[in-house]
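Chemist: See final08.json below, with JSON, C-alpha atoms and all ligand atoms.
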```json
[["chain", "number", "residue", "atom", "x", "y", "z"],
["A", 1, "MET", "CA", -67.23, 28.88, 18.09],
["A", 2, "LEU", "CA", -69.90, 26.81, 19.76],
["A", 3, "LEU", "CA", -72.27, 28.81, 21.94],
["A", 4, "TRP", "CA", -73.20, 25.79, 23.96],
["A", 5, "LYS", "CA", -72.80, 22.04, 23.71],
["A", 6, "SER", "CA", -75.54, 19.46, 23.81],
["A", 7, "ASP", "CA", -74.60, 16.17, 25.46],
["A", 8, "GLY", "CA", -76.11, 14.04, 22.78],
["A", 9, "CYS", "CA", -79.60, 14.99, 21.72],
["A", 10, "LYS", "CA", -78.50, 15.27, 18.12],
["A", 11, "THR", "CA", -77.91, 11.54, 18.10],
["A", 12, "CYS", "CA", -80.55, 10.39, 20.59],
["A", 13, "LYS", "CA", -83.22, 12.70, 19.04],
["A", 14, "GLY", "CA", -84.59, 13.66, 22.42],
["A", 15, "ARG", "CA", -84.89, 10.14, 23.79],
["A", 16, "CYS", "CA", -82.50, 11.11, 26.57],
["A", 17, "LYS", "CA", -85.50, 12.93, 28.12],
["A", 18, "GLY", "CA", -84.22, 15.34, 30.70],
["A", 19, "ARG", "CA", -80.60, 14.29, 30.95],
["A", 20, "VAL", "CA", -79.70, 17.28, 28.76],
["A", 21, "LYS", "CA", -80.47, 20.81, 29.90],
["A", 22, "PRO", "CA", -83.12, 22.40, 27.69],
["A", 23, "VAL", "CA", -82.56, 25.45, 25.52],
["A", 24, "LEU", "CA", -84.79, 28.40, 26.37],
["A", 25, "LEU", "CA", -85.90, 30.03, 23.13],
["A", 26, "LYS", "CA", -88.12, 33.03, 22.59],
["A", 27, "ILE", "CA", -89.56, 33.63, 19.16],
["A", 28, "GLY", "CA", -90.81, 37.17, 18.75],
["A", 29, "GLY", "CA", -94.36, 37.85, 17.75],
["A", 30, "SER", "CA", -92.70, 40.11, 15.18],
["A", 31, "VAL", "CA", -91.47, 36.95, 13.43],
["A", 32, "LEU", "CA", -94.61, 34.82, 13.70],
["A", 33, "THR", "CA", -97.01, 37.58, 12.64],
["A", 34, "ASP", "CA", -97.20, 40.69, 10.52],
["A", 35, "LYS", "CA", -96.96, 43.26, 13.30],
["A", 36, "GLY", "CA", -98.28, 45.98, 11.00],
["A", 37, "ARG", "CA", -101.59, 44.19, 10.34],
["A", 38, "GLU", "CA", -103.85, 43.16, 13.21],
["A", 39, "CYS", "CA", -104.33, 39.40, 13.61],
["A", 40, "THR", "CA", -102.23, 38.43, 10.59],
["A", 41, "PHE", "CA", -100.10, 35.29, 10.76],
["A", 42, "ASN", "CA", -96.75, 35.02, 9.00],
["A", 43, "MET", "CA", -97.44, 31.40, 8.06],
["A", 44, "GLN", "CA", -94.26, 31.10, 6.06],
["A", 45, "ASN", "CA", -92.16, 31.93, 9.14],
["A", 46, "ILE", "CA", -94.33, 29.83, 11.47],
["A", 47, "ARG", "CA", -93.87, 26.77, 9.21],
["A", 48, "ARG", "CA", -90.14, 27.39, 8.64],
["A", 49, "ILE", "CA", -89.37, 27.92, 12.32],
["A", 50, "ALA", "CA", -91.43, 24.89, 13.36],
["A", 51, "GLY", "CA", -89.37, 22.86, 10.87],
["A", 52, "GLU", "CA", -86.07, 24.22, 12.21],
["A", 53, "ILE", "CA", -87.12, 23.40, 15.78],
["A", 54, "ALA", "CA", -88.11, 19.87, 14.74],
["A", 55, "ARG", "CA", -84.79, 19.38, 12.95],
["A", 56, "ALA", "CA", -82.72, 20.53, 15.93],
["A", 57, "SER", "CA", -83.87, 17.61, 18.13],
["A", 58, "VAL", "CA", -82.80, 19.19, 21.43],
["A", 59, "PRO", "CA", -85.03, 19.66, 24.48],
["A", 60, "ILE", "CA", -86.48, 23.15, 24.20],
["A", 61, "VAL", "CA", -88.76, 25.41, 26.20],
["A", 62, "ILE", "CA", -90.35, 27.85, 23.76],
["A", 63, "VAL", "CA", -91.77, 31.24, 24.62],
["A", 64, "HIS", "CA", -93.39, 33.41, 21.98],
["A", 65, "GLY", "CA", -94.52, 36.99, 21.86],
["A", 66, "ALA", "CA", -97.91, 38.26, 20.82],
["A", 67, "GLY", "CA", -97.11, 40.22, 17.65],
["A", 68, "SER", "CA", -100.31, 41.42, 15.98],
["A", 69, "PHE", "CA", -102.29, 38.94, 18.13],
["A", 70, "GLY", "CA", -102.28, 40.72, 21.48],
["A", 71, "HIS", "CA", -100.45, 44.04, 21.29],
["A", 72, "PRO", "CA", -103.17, 45.82, 19.21],
["A", 73, "GLN", "CA", -105.97, 44.38, 21.38],
["A", 74, "ALA", "CA", -104.23, 45.33, 24.64],
["A", 75, "LYS", "CA", -103.71, 48.84, 23.26],
["A", 76, "LYS", "CA", -107.27, 49.23, 21.94],
["A", 77, "HIS", "CA", -108.78, 48.16, 25.26],
["A", 78, "HIS", "CA", -106.32, 50.24, 27.35],
["A", 79, "ILE", "CA", -105.49, 47.14, 29.33],
["A", 80, "GLN", "CA", -102.60, 48.77, 31.17],
["A", 81, "GLN", "CA", -104.46, 51.96, 32.11],
["A", 82, "ASN", "CA", -108.03, 50.76, 32.57],
["A", 83, "PRO", "CA", -108.26, 46.98, 32.65],
["A", 84, "ASP", "CA", -111.69, 45.43, 32.07],
["A", 85, "THR", "CA", -113.14, 42.02, 31.33],
["A", 86, "GLU", "CA", -113.67, 42.73, 27.63],
["A", 87, "GLY", "CA", -110.01, 43.70, 27.20],
["A", 88, "LEU", "CA", -108.94, 40.59, 29.10],
["A", 89, "VAL", "CA", -111.10, 38.26, 27.00],
["A", 90, "LYS", "CA", -110.23, 39.82, 23.61],
["A", 91, "THR", "CA", -106.47, 40.07, 24.28],
["A", 92, "HIS", "CA", -106.20, 36.55, 25.68],
["A", 93, "ARG", "CA", -108.29, 35.12, 22.85],
["A", 94, "ALA", "CA", -106.01, 36.75, 20.25],
["A", 95, "VAL", "CA", -102.74, 35.46, 21.71],
["A", 96, "LEU", "CA", -104.33, 32.05, 22.28],
["A", 97, "GLU", "CA", -105.15, 31.91, 18.57],
["A", 98, "LEU", "CA", -101.51, 32.55, 17.67],
["A", 99, "ASN", "CA", -100.33, 29.98, 20.21],
["A", 100, "THR", "CA", -102.74, 27.37, 18.86],
["A", 101, "VAL", "CA", -101.57, 27.82, 15.27],
["A", 102, "PHE", "CA", -97.88, 27.73, 16.26],
["A", 103, "VAL", "CA", -98.38, 24.64, 18.46],
["A", 104, "GLU", "CA", -100.36, 22.82, 15.75],
["A", 105, "THR", "CA", -97.69, 23.62, 13.15],
["A", 106, "LEU", "CA", -94.96, 22.35, 15.49],
["A", 107, "GLN", "CA", -96.98, 19.14, 15.99],
["A", 108, "GLU", "CA", -97.37, 18.73, 12.22],
["A", 109, "GLU", "CA", -93.58, 18.97, 11.95],
["A", 110, "GLY", "CA", -93.23, 16.18, 14.51],
["A", 111, "VAL", "CA", -92.59, 18.17, 17.71],
["A", 112, "ALA", "CA", -94.51, 17.05, 20.83],
["A", 113, "ALA", "CA", -95.55, 20.65, 21.47],
["A", 114, "ILE", "CA", -98.09, 21.66, 24.12],
["A", 115, "GLY", "CA", -99.40, 25.20, 24.69],
["A", 116, "VAL", "CA", -99.02, 26.61, 28.22],
["A", 117, "HIS", "CA", -101.12, 29.69, 28.92],
["A", 118, "PRO", "CA", -99.94, 32.08, 31.68],
["A", 119, "LEU", "CA", -103.49, 33.36, 32.31],
["A", 120, "ASN", "CA", -104.37, 29.90, 33.63],
["A", 121, "CYS", "CA", -101.36, 29.32, 35.88],
["A", 122, "LEU", "CA", -99.44, 32.51, 36.71],
["A", 123, "LEU", "CA", -100.17, 35.21, 39.27],
["A", 124, "ALA", "CA", -98.60, 38.66, 38.90],
["A", 125, "LYS", "CA", -98.13, 41.62, 41.22],
["A", 126, "ARG", "CA", -97.91, 44.99, 39.44],
["A", 127, "GLY", "CA", -96.88, 43.24, 36.22],
["A", 128, "ILE", "CA", -94.13, 41.17, 37.86],
["A", 129, "VAL", "CA", -94.46, 37.38, 38.10],
["A", 130, "LYS", "CA", -95.32, 36.60, 41.72],
["A", 131, "GLN", "CA", -96.31, 32.95, 41.66],
["A", 132, "TRP", "CA", -95.91, 30.27, 38.98],
["A", 133, "GLY", "CA", -95.45, 26.54, 39.47],
["A", 134, "VAL", "CA", -92.78, 25.95, 36.83],
["A", 135, "GLU", "CA", -92.27, 22.41, 38.15],
["A", 136, "ILE", "CA", -94.91, 21.44, 35.59],
["A", 137, "ILE", "CA", -92.80, 22.86, 32.78],
["A", 138, "LYS", "CA", -89.72, 21.02, 34.03],
["A", 139, "ARG", "CA", -91.62, 17.75, 34.16],
["A", 140, "LEU", "CA", -93.18, 18.24, 30.74],
["A", 141, "VAL", "CA", -89.70, 18.70, 29.29],
["A", 142, "ASP", "CA", -88.41, 15.64, 31.17],
["A", 143, "PHE", "CA", -91.28, 13.70, 29.64],
["A", 144, "GLY", "CA", -90.13, 14.73, 26.16],
["A", 145, "VAL", "CA", -92.69, 17.50, 25.58],
["A", 146, "THR", "CA", -91.86, 20.96, 24.20],
["A", 147, "PRO", "CA", -93.87, 23.52, 26.20],
["A", 148, "VAL", "CA", -94.90, 26.56, 24.17],
["A", 149, "ILE", "CA", -95.63, 29.49, 26.48],
["A", 150, "HIS", "CA", -96.67, 32.96, 25.40],
["A", 151, "GLY", "CA", -96.88, 36.56, 26.51],
["A", 152, "ASP", "CA", -100.34, 36.99, 27.98],
["A", 153, "VAL", "CA", -102.73, 39.05, 30.02],
["A", 154, "VAL", "CA", -102.72, 37.61, 33.54],
["A", 155, "VAL", "CA", -104.38, 37.98, 36.93],
["A", 156, "ASP", "CA", -102.64, 40.61, 39.05],
["A", 157, "THR", "CA", -102.97, 40.89, 42.83],
["A", 158, "ILE", "CA", -102.83, 44.71, 42.74],
["A", 159, "ASP", "CA", -103.99, 45.80, 39.28],
["A", 160, "GLY", "CA", -106.69, 43.17, 38.70],
["A", 161, "ILE", "CA", -105.07, 42.09, 35.44],
["A", 162, "SER", "CA", -101.78, 43.00, 33.79],
["A", 163, "VAL", "CA", -99.79, 42.23, 30.68],
["A", 164, "ILE", "CA", -96.77, 39.94, 30.99],
["A", 165, "SER", "CA", -94.60, 40.11, 27.89],
["A", 166, "GLY", "CA", -92.96, 37.10, 26.30],
["A", 167, "ASP", "CA", -89.63, 38.73, 27.18],
["A", 168, "ARG", "CA", -90.60, 38.85, 30.87],
["A", 169, "ILE", "CA", -91.73, 35.21, 30.76],
["A", 170, "LEU", "CA", -88.36, 34.38, 29.21],
["A", 171, "THR", "CA", -86.39, 36.05, 31.98],
["A", 172, "TYR", "CA", -88.52, 34.48, 34.71],
["A", 173, "LEU", "CA", -87.99, 31.01, 33.24],
["A", 174, "ALA", "CA", -84.28, 31.71, 32.74],
["A", 175, "LYS", "CA", -84.02, 32.27, 36.50],
["A", 176, "THR", "CA", -86.18, 29.36, 37.60],
["A", 177, "LEU", "CA", -85.34, 26.58, 35.13],
["A", 178, "ASP", "CA", -81.91, 25.03, 34.73],
["A", 179, "VAL", "CA", -81.33, 25.76, 31.04],
["A", 180, "ALA", "CA", -78.31, 25.44, 28.74],
["A", 181, "VAL", "CA", -78.66, 28.73, 26.88],
["A", 182, "ILE", "CA", -81.15, 31.56, 26.43],
["A", 183, "GLY", "CA", -81.98, 33.26, 23.15],
["A", 184, "ALA", "CA", -84.54, 35.74, 21.91],
["A", 185, "GLY", "CA", -85.17, 35.51, 18.18],
["A", 186, "THR", "CA", -86.66, 38.64, 16.68],
["A", 187, "VAL", "CA", -87.08, 40.33, 13.33],
["A", 188, "VAL", "CA", -83.78, 42.26, 13.23],
["A", 189, "ASP", "CA", -80.08, 41.31, 13.49],
["A", 190, "GLY", "CA", -79.98, 41.80, 17.26],
["A", 191, "VAL", "CA", -79.72, 45.27, 18.78],
["A", 192, "LEU", "CA", -78.60, 47.79, 16.15],
["A", 193, "ASP", "CA", -76.53, 50.94, 16.56],
["A", 194, "LYS", "CA", -77.11, 54.28, 14.79],
["A", 195, "ASN", "CA", -75.55, 52.85, 11.60],
["A", 196, "GLU", "CA", -77.84, 49.78, 11.74],
["A", 197, "LYS", "CA", -74.86, 47.61, 12.70],
["A", 198, "THR", "CA", -75.35, 44.86, 15.28],
["A", 199, "ILE", "CA", -74.06, 45.83, 18.72],
["A", 200, "PRO", "CA", -72.13, 42.67, 19.65],
["A", 201, "HIS", "CA", -72.25, 42.95, 23.43],
["A", 202, "ILE", "CA", -74.38, 44.90, 25.91],
["A", 203, "THR", "CA", -73.63, 44.94, 29.63],
["A", 204, "PRO", "CA", -75.04, 47.00, 32.51],
["A", 205, "SER", "CA", -71.89, 49.14, 32.30],
["A", 206, "ASN", "CA", -71.94, 49.93, 28.54],
["A", 207, "PHE", "CA", -75.74, 50.23, 28.27],
["A", 208, "LYS", "CA", -75.63, 54.01, 28.71],
["A", 209, "ASP", "CA", -73.42, 54.28, 25.59],
["A", 210, "VAL", "CA", -75.96, 52.50, 23.36],
["A", 211, "SER", "CA", -79.22, 53.34, 25.14],
["A", 212, "ASP", "CA", -80.08, 56.28, 22.84],
["A", 213, "TYR", "CA", -80.31, 53.99, 19.80],
["A", 214, "ILE", "CA", -82.67, 51.50, 21.39],
["A", 215, "GLY", "CA", -86.30, 52.32, 20.87],
["A", 216, "GLY", "CA", -89.71, 50.67, 20.95],
["A", 217, "SER", "CA", -91.24, 48.81, 18.04],
["A", 218, "THR", "CA", -92.30, 49.85, 14.55],
["A", 219, "GLY", "CA", -95.57, 47.96, 15.06],
["A", 220, "ASP", "CA", -98.02, 48.15, 17.98],
["A", 221, "ASP", "CA", -96.16, 46.99, 21.08],
["A", 222, "VAL", "CA", -97.43, 47.51, 24.63],
["A", 223, "THR", "CA", -94.34, 45.99, 26.26],
["A", 224, "GLY", "CA", -91.62, 48.34, 25.09],
["A", 225, "GLY", "CA", -90.34, 46.76, 21.85],
["A", 226, "MET", "CA", -86.57, 46.33, 21.63],
["A", 227, "ARG", "CA", -85.99, 48.66, 24.58],
["A", 228, "GLY", "CA", -88.30, 46.59, 26.80],
["A", 229, "LYS", "CA", -86.52, 43.43, 25.71],
["A", 230, "VAL", "CA", -83.01, 44.77, 26.38],
["A", 231, "LEU", "CA", -84.03, 46.12, 29.80],
["A", 232, "GLU", "CA", -85.49, 42.72, 30.73],
["A", 233, "LEU", "CA", -82.37, 40.87, 29.57],
["A", 234, "LEU", "CA", -80.11, 43.34, 31.39],
["A", 235, "LYS", "CA", -81.91, 42.53, 34.65],
["A", 236, "LEU", "CA", -81.18, 38.90, 33.91],
["A", 237, "ALA", "CA", -77.54, 39.73, 33.19],
["A", 238, "GLU", "CA", -77.33, 41.47, 36.56],
["A", 239, "SER", "CA", -78.26, 38.19, 38.20],
["A", 240, "GLY", "CA", -75.41, 36.52, 36.29],
["A", 241, "ILE", "CA", -77.42, 34.96, 33.46],
["A", 242, "GLU", "CA", -76.33, 35.61, 29.89],
["A", 243, "SER", "CA", -78.58, 35.69, 26.82],
["A", 244, "VAL", "CA", -78.49, 36.54, 23.12],
["A", 245, "ILE", "CA", -80.80, 38.45, 20.77],
["A", 246, "PHE", "CA", -80.66, 37.21, 17.17],
["A", 247, "ASN", "CA", -82.55, 37.39, 13.89],
["A", 248, "ALA", "CA", -85.11, 34.56, 13.65],
["A", 249, "ASN", "CA", -86.45, 36.05, 10.42],
["A", 250, "LEU", "CA", -83.53, 34.55, 8.50],
["A", 251, "ASN", "CA", -83.42, 30.95, 7.29],
["A", 252, "ASN", "CA", -81.66, 28.48, 9.59],
["A", 253, "MET", "CA", -80.86, 31.02, 12.28],
["A", 254, "VAL", "CA", -83.11, 29.29, 14.84],
["A", 255, "PHE", "CA", -81.68, 25.90, 13.86],
["A", 256, "ASN", "CA", -78.11, 27.19, 14.15],
["A", 257, "PHE", "CA", -78.84, 28.77, 17.53],
["A", 258, "LEU", "CA", -80.38, 25.53, 18.80],
["A", 259, "SER", "CA", -77.38, 23.60, 17.50],
["A", 260, "GLY", "CA", -74.93, 25.82, 19.38],
["A", 261, "GLU", "CA", -73.44, 27.32, 16.22],
["A", 262, "ALA", "CA", -72.03, 30.84, 16.26],
["A", 263, "ILE", "CA", -74.62, 33.23, 14.86],
["A", 264, "PRO", "CA", -74.63, 37.00, 14.44],
["A", 265, "ALA", "CA", -76.23, 38.25, 17.64],
["A", 266, "THR", "CA", -76.17, 40.74, 20.47],
["A", 267, "ARG", "CA", -74.91, 39.13, 23.64],
["A", 268, "ILE", "CA", -76.26, 40.52, 26.90],
["A", 269, "SER", "CA", -74.22, 39.64, 29.94],
["A", 270, "GLY", "CA", -73.06, 40.92, 33.29],
["A", 271, "ALA", "CA", -69.37, 41.35, 32.60],
["A", 272, "GLU", "CA", -67.26, 42.84, 29.80],
["A", 301, "LIG", "N1", -81.68, 49.73, 18.32],
["A", 301, "LIG", "C1", -82.58, 48.86, 17.84],
["A", 301, "LIG", "N2", -82.16, 47.71, 17.28],
["A", 301, "LIG", "C2", -83.03, 46.82, 16.77],
["A", 301, "LIG", "N3", -84.39, 47.00, 16.76],
["A", 301, "LIG", "C3", -84.87, 48.12, 17.31],
["A", 301, "LIG", "C4", -83.99, 49.10, 17.87],
["A", 301, "LIG", "N4", -84.77, 50.12, 18.35],
["A", 301, "LIG", "C5", -86.03, 49.81, 18.08],
["A", 301, "LIG", "N5", -86.13, 48.60, 17.44],
["A", 301, "LIG", "C6", -87.39, 47.99, 17.01],
["A", 301, "LIG", "O1", -87.64, 46.86, 17.84],
["A", 301, "LIG", "C7", -88.34, 45.90, 17.05],
["A", 301, "LIG", "C8", -88.23, 44.54, 17.71],
["A", 301, "LIG", "O2", -88.97, 44.55, 18.93],
["A", 301, "LIG", "P1", -90.44, 43.98, 18.96],
["A", 301, "LIG", "O3", -90.93, 44.05, 20.37],
["A", 301, "LIG", "O4", -91.29, 44.62, 17.91],
["A", 301, "LIG", "O5", -90.21, 42.48, 18.50],
["A", 301, "LIG", "P2", -90.46, 41.10, 19.27],
["A", 301, "LIG", "O6", -90.15, 41.23, 20.70],
["A", 301, "LIG", "O7", -89.72, 40.12, 18.46],
["A", 301, "LIG", "O8", -92.03, 40.90, 19.06],
["A", 301, "LIG", "P3", -93.14, 40.64, 20.22],
["A", 301, "LIG", "O9", -93.03, 41.77, 21.19],
["A", 301, "LIG", "O10", -94.43, 40.68, 19.46],
["A", 301, "LIG", "O11", -92.79, 39.32, 20.78],
["A", 301, "LIG", "C9", -87.68, 46.00, 15.70],
["A", 301, "LIG", "O12", -88.54, 45.57, 14.69],
["A", 301, "LIG", "C10", -87.35, 47.47, 15.58],
["A", 301, "LIG", "O13", -88.37, 48.14, 14.89],
["A", 302, "MG", "MG", -91.41, 42.73, 21.92]]
```
If you took the structure in this file and wrote it as structure tokens, what would it be?

Modeler:
Amino acid sequence: MLLWKSDGCKTCKGRCKGRVKPVLLKIGGSVLTDKGRECTFNMQNIRRIAGEIARASVPIVIVHGAGSFGHPQAKKHHIQQNPDTEGLVKTHRAVLELNTVFVETLQEEGVAAIGVHPLNCLLAKRGIVKQWGVEIIKRLVDFGVTPVIHGDVVVDTIDGISVISGDRILTYLAKTLDVAVIGAGTVVDGVLDKNEKTIPHITPSNFKDVSDYIGGSTGDDVTGGMRGKVLELLKLAESGIESVIFNANLNNMVFNFLSGEAIPATRISGAE
């Protein structure tokens, strides 16, 4: 089964610039970093995933999470309870470092990747995106660029600053960009039940049956881990937009997702 169908990027290698809807892909910080060790890259995964993205040759908007570059700093500086300038600077600098390495690796693999930093362009209100000119992202993609956006600490009209997770960026972009398909790659085989089996489909109506199994993260995570992700994607599902959570820690999974192949995943949608 094909999850989605590209209109020709496989053959035109992206030269169609904008005539094909982009894929919206989140790569978890859990995949790009070692979430158990502060500021530690998983270079093997960064290189492999950059290669898979390059090979897929479809227009893509990439979002990535912070992993061990961001979550530990936000926690240490109590960003959510007591935001200050030091916490802002240290947390942003950490996630910027991860973004820079990922973007440079994508470029080395031949992707025209450009980092987009929410702190510089997005305004939040109580942790919710209030204002963001995503027209720039659309036009970058039309020009053949792959924007690489990340979870970040951002300016907030009520709280001074707040944390916006990669998952929240993903859902905002899913609503505001016209994309072909939405996927969140993480470090596990989707959302797992009590027997560690992938739950194939979560909807607002069956969420209560699986909710007890869905927890936070094993590493530091200030944005709710798997539970935060599922809740974000359920809100998206309620507005009629479907997404999948899959394992980006496994070889070729990102490539297969980008190619529209069927992959083991948890589908989150509005209807049964
Ligand atoms: N029911 C569940 N199924 C799968 N994972 C779960 C479940 N409950 C809790 N988790 C935890 O959620 C983690 C994935 O969420 P996490 O936020 O750490 O990853 P991520 O979103 O990919 O990373 P980042 O937030 O840095 O972008 C898993 O590693 C697992 O420990
Ligand atoms: Mg997370």

Chemist: I'd like the contact shell of Gly151 in chain A - 10 Å cut-off, all atoms listed in the file, skipping same-chain residues fewer than 3 positions apart - returned as a tab-separated table (two decimals) with C-alpha atoms, keeping the file's coordinate frame.

Modeler:
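After the write, around08.tsv holds the following:
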```tsv
chain	number	residue	atom	x	y	z
A	28	GLY	CA	-90.81	37.17	18.75
A	29	GLY	CA	-94.36	37.85	17.75
A	63	VAL	CA	-91.77	31.24	24.62
A	64	HIS	CA	-93.39	33.41	21.98
A	65	GLY	CA	-94.52	36.99	21.86
A	66	ALA	CA	-97.91	38.26	20.82
A	67	GLY	CA	-97.11	40.22	17.65
A	70	GLY	CA	-102.28	40.72	21.48
A	71	HIS	CA	-100.45	44.04	21.29
A	92	HIS	CA	-106.20	36.55	25.68
A	95	VAL	CA	-102.74	35.46	21.71
A	96	LEU	CA	-104.33	32.05	22.28
A	99	ASN	CA	-100.33	29.98	20.21
A	117	HIS	CA	-101.12	29.69	28.92
A	118	PRO	CA	-99.94	32.08	31.68
A	119	LEU	CA	-103.49	33.36	32.31
A	154	VAL	CA	-102.72	37.61	33.54
A	163	VAL	CA	-99.79	42.23	30.68
A	164	ILE	CA	-96.77	39.94	30.99
A	165	SER	CA	-94.60	40.11	27.89
A	166	GLY	CA	-92.96	37.10	26.30
A	167	ASP	CA	-89.63	38.73	27.18
A	168	ARG	CA	-90.60	38.85	30.87
A	169	ILE	CA	-91.73	35.21	30.76
A	170	LEU	CA	-88.36	34.38	29.21
A	223	THR	CA	-94.34	45.99	26.26
```

Chemist: Calculated over all atoms listed in the file, which of the candidates A:Ala94, A:Ile245, A:Ala112, A:Val191 has the smallest distance to Val148 in chain A?

Modeler: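 Using all atoms listed in the file, the shortest distance to Val148 in chain A belongs to A:Ala112.
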
Chemist: Taking 6 positions as the minimum chain separation for residues in the same chain, which residues sit within 8 Å of Ala180 in chain A when counting only C-alpha atoms? Answer as a VMD selection string.

Modeler: chain A and resid 4 21 to 24

Chemist: Could you list, as a PyMOL selection string, all the residues within 7 Å of ligand LIG 301 (chain A), counting all atoms listed in the file?

Modeler: chain A and resi 27-31+64-68+166-167+185-188+190-193+213-219+221+223-227+229

Chemist: Check the smallest atom-to-atom distance from each of A:Lys235, A:Arg126, A:His78, A:His150 to ligand MG 302 (chain A) using all atoms listed in the file, then report the winner.

Modeler: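 Looking at the shortest contact to ligand MG 302 (chain A), the residue is A:His150.
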
Chemist: So the first atom is CA of Pro147 in chain A and the second is CA of Ser162 in chain A; what is the distance between them in Å, to one decimal place?

Modeler: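 So the two atoms, CA of Pro147 in chain A and CA of Ser162 in chain A, lie 22.4 Å apart.
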
Chemist: Select, from A:Ala113, A:Ala184, A:Ile202, A:Val101, the residue with the minimum atom-to-atom distance to Phe41 in chain A, counting only C-alpha atoms.

Modeler: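 Of all the options, A:Val101 lies closest to Phe41 in chain A.
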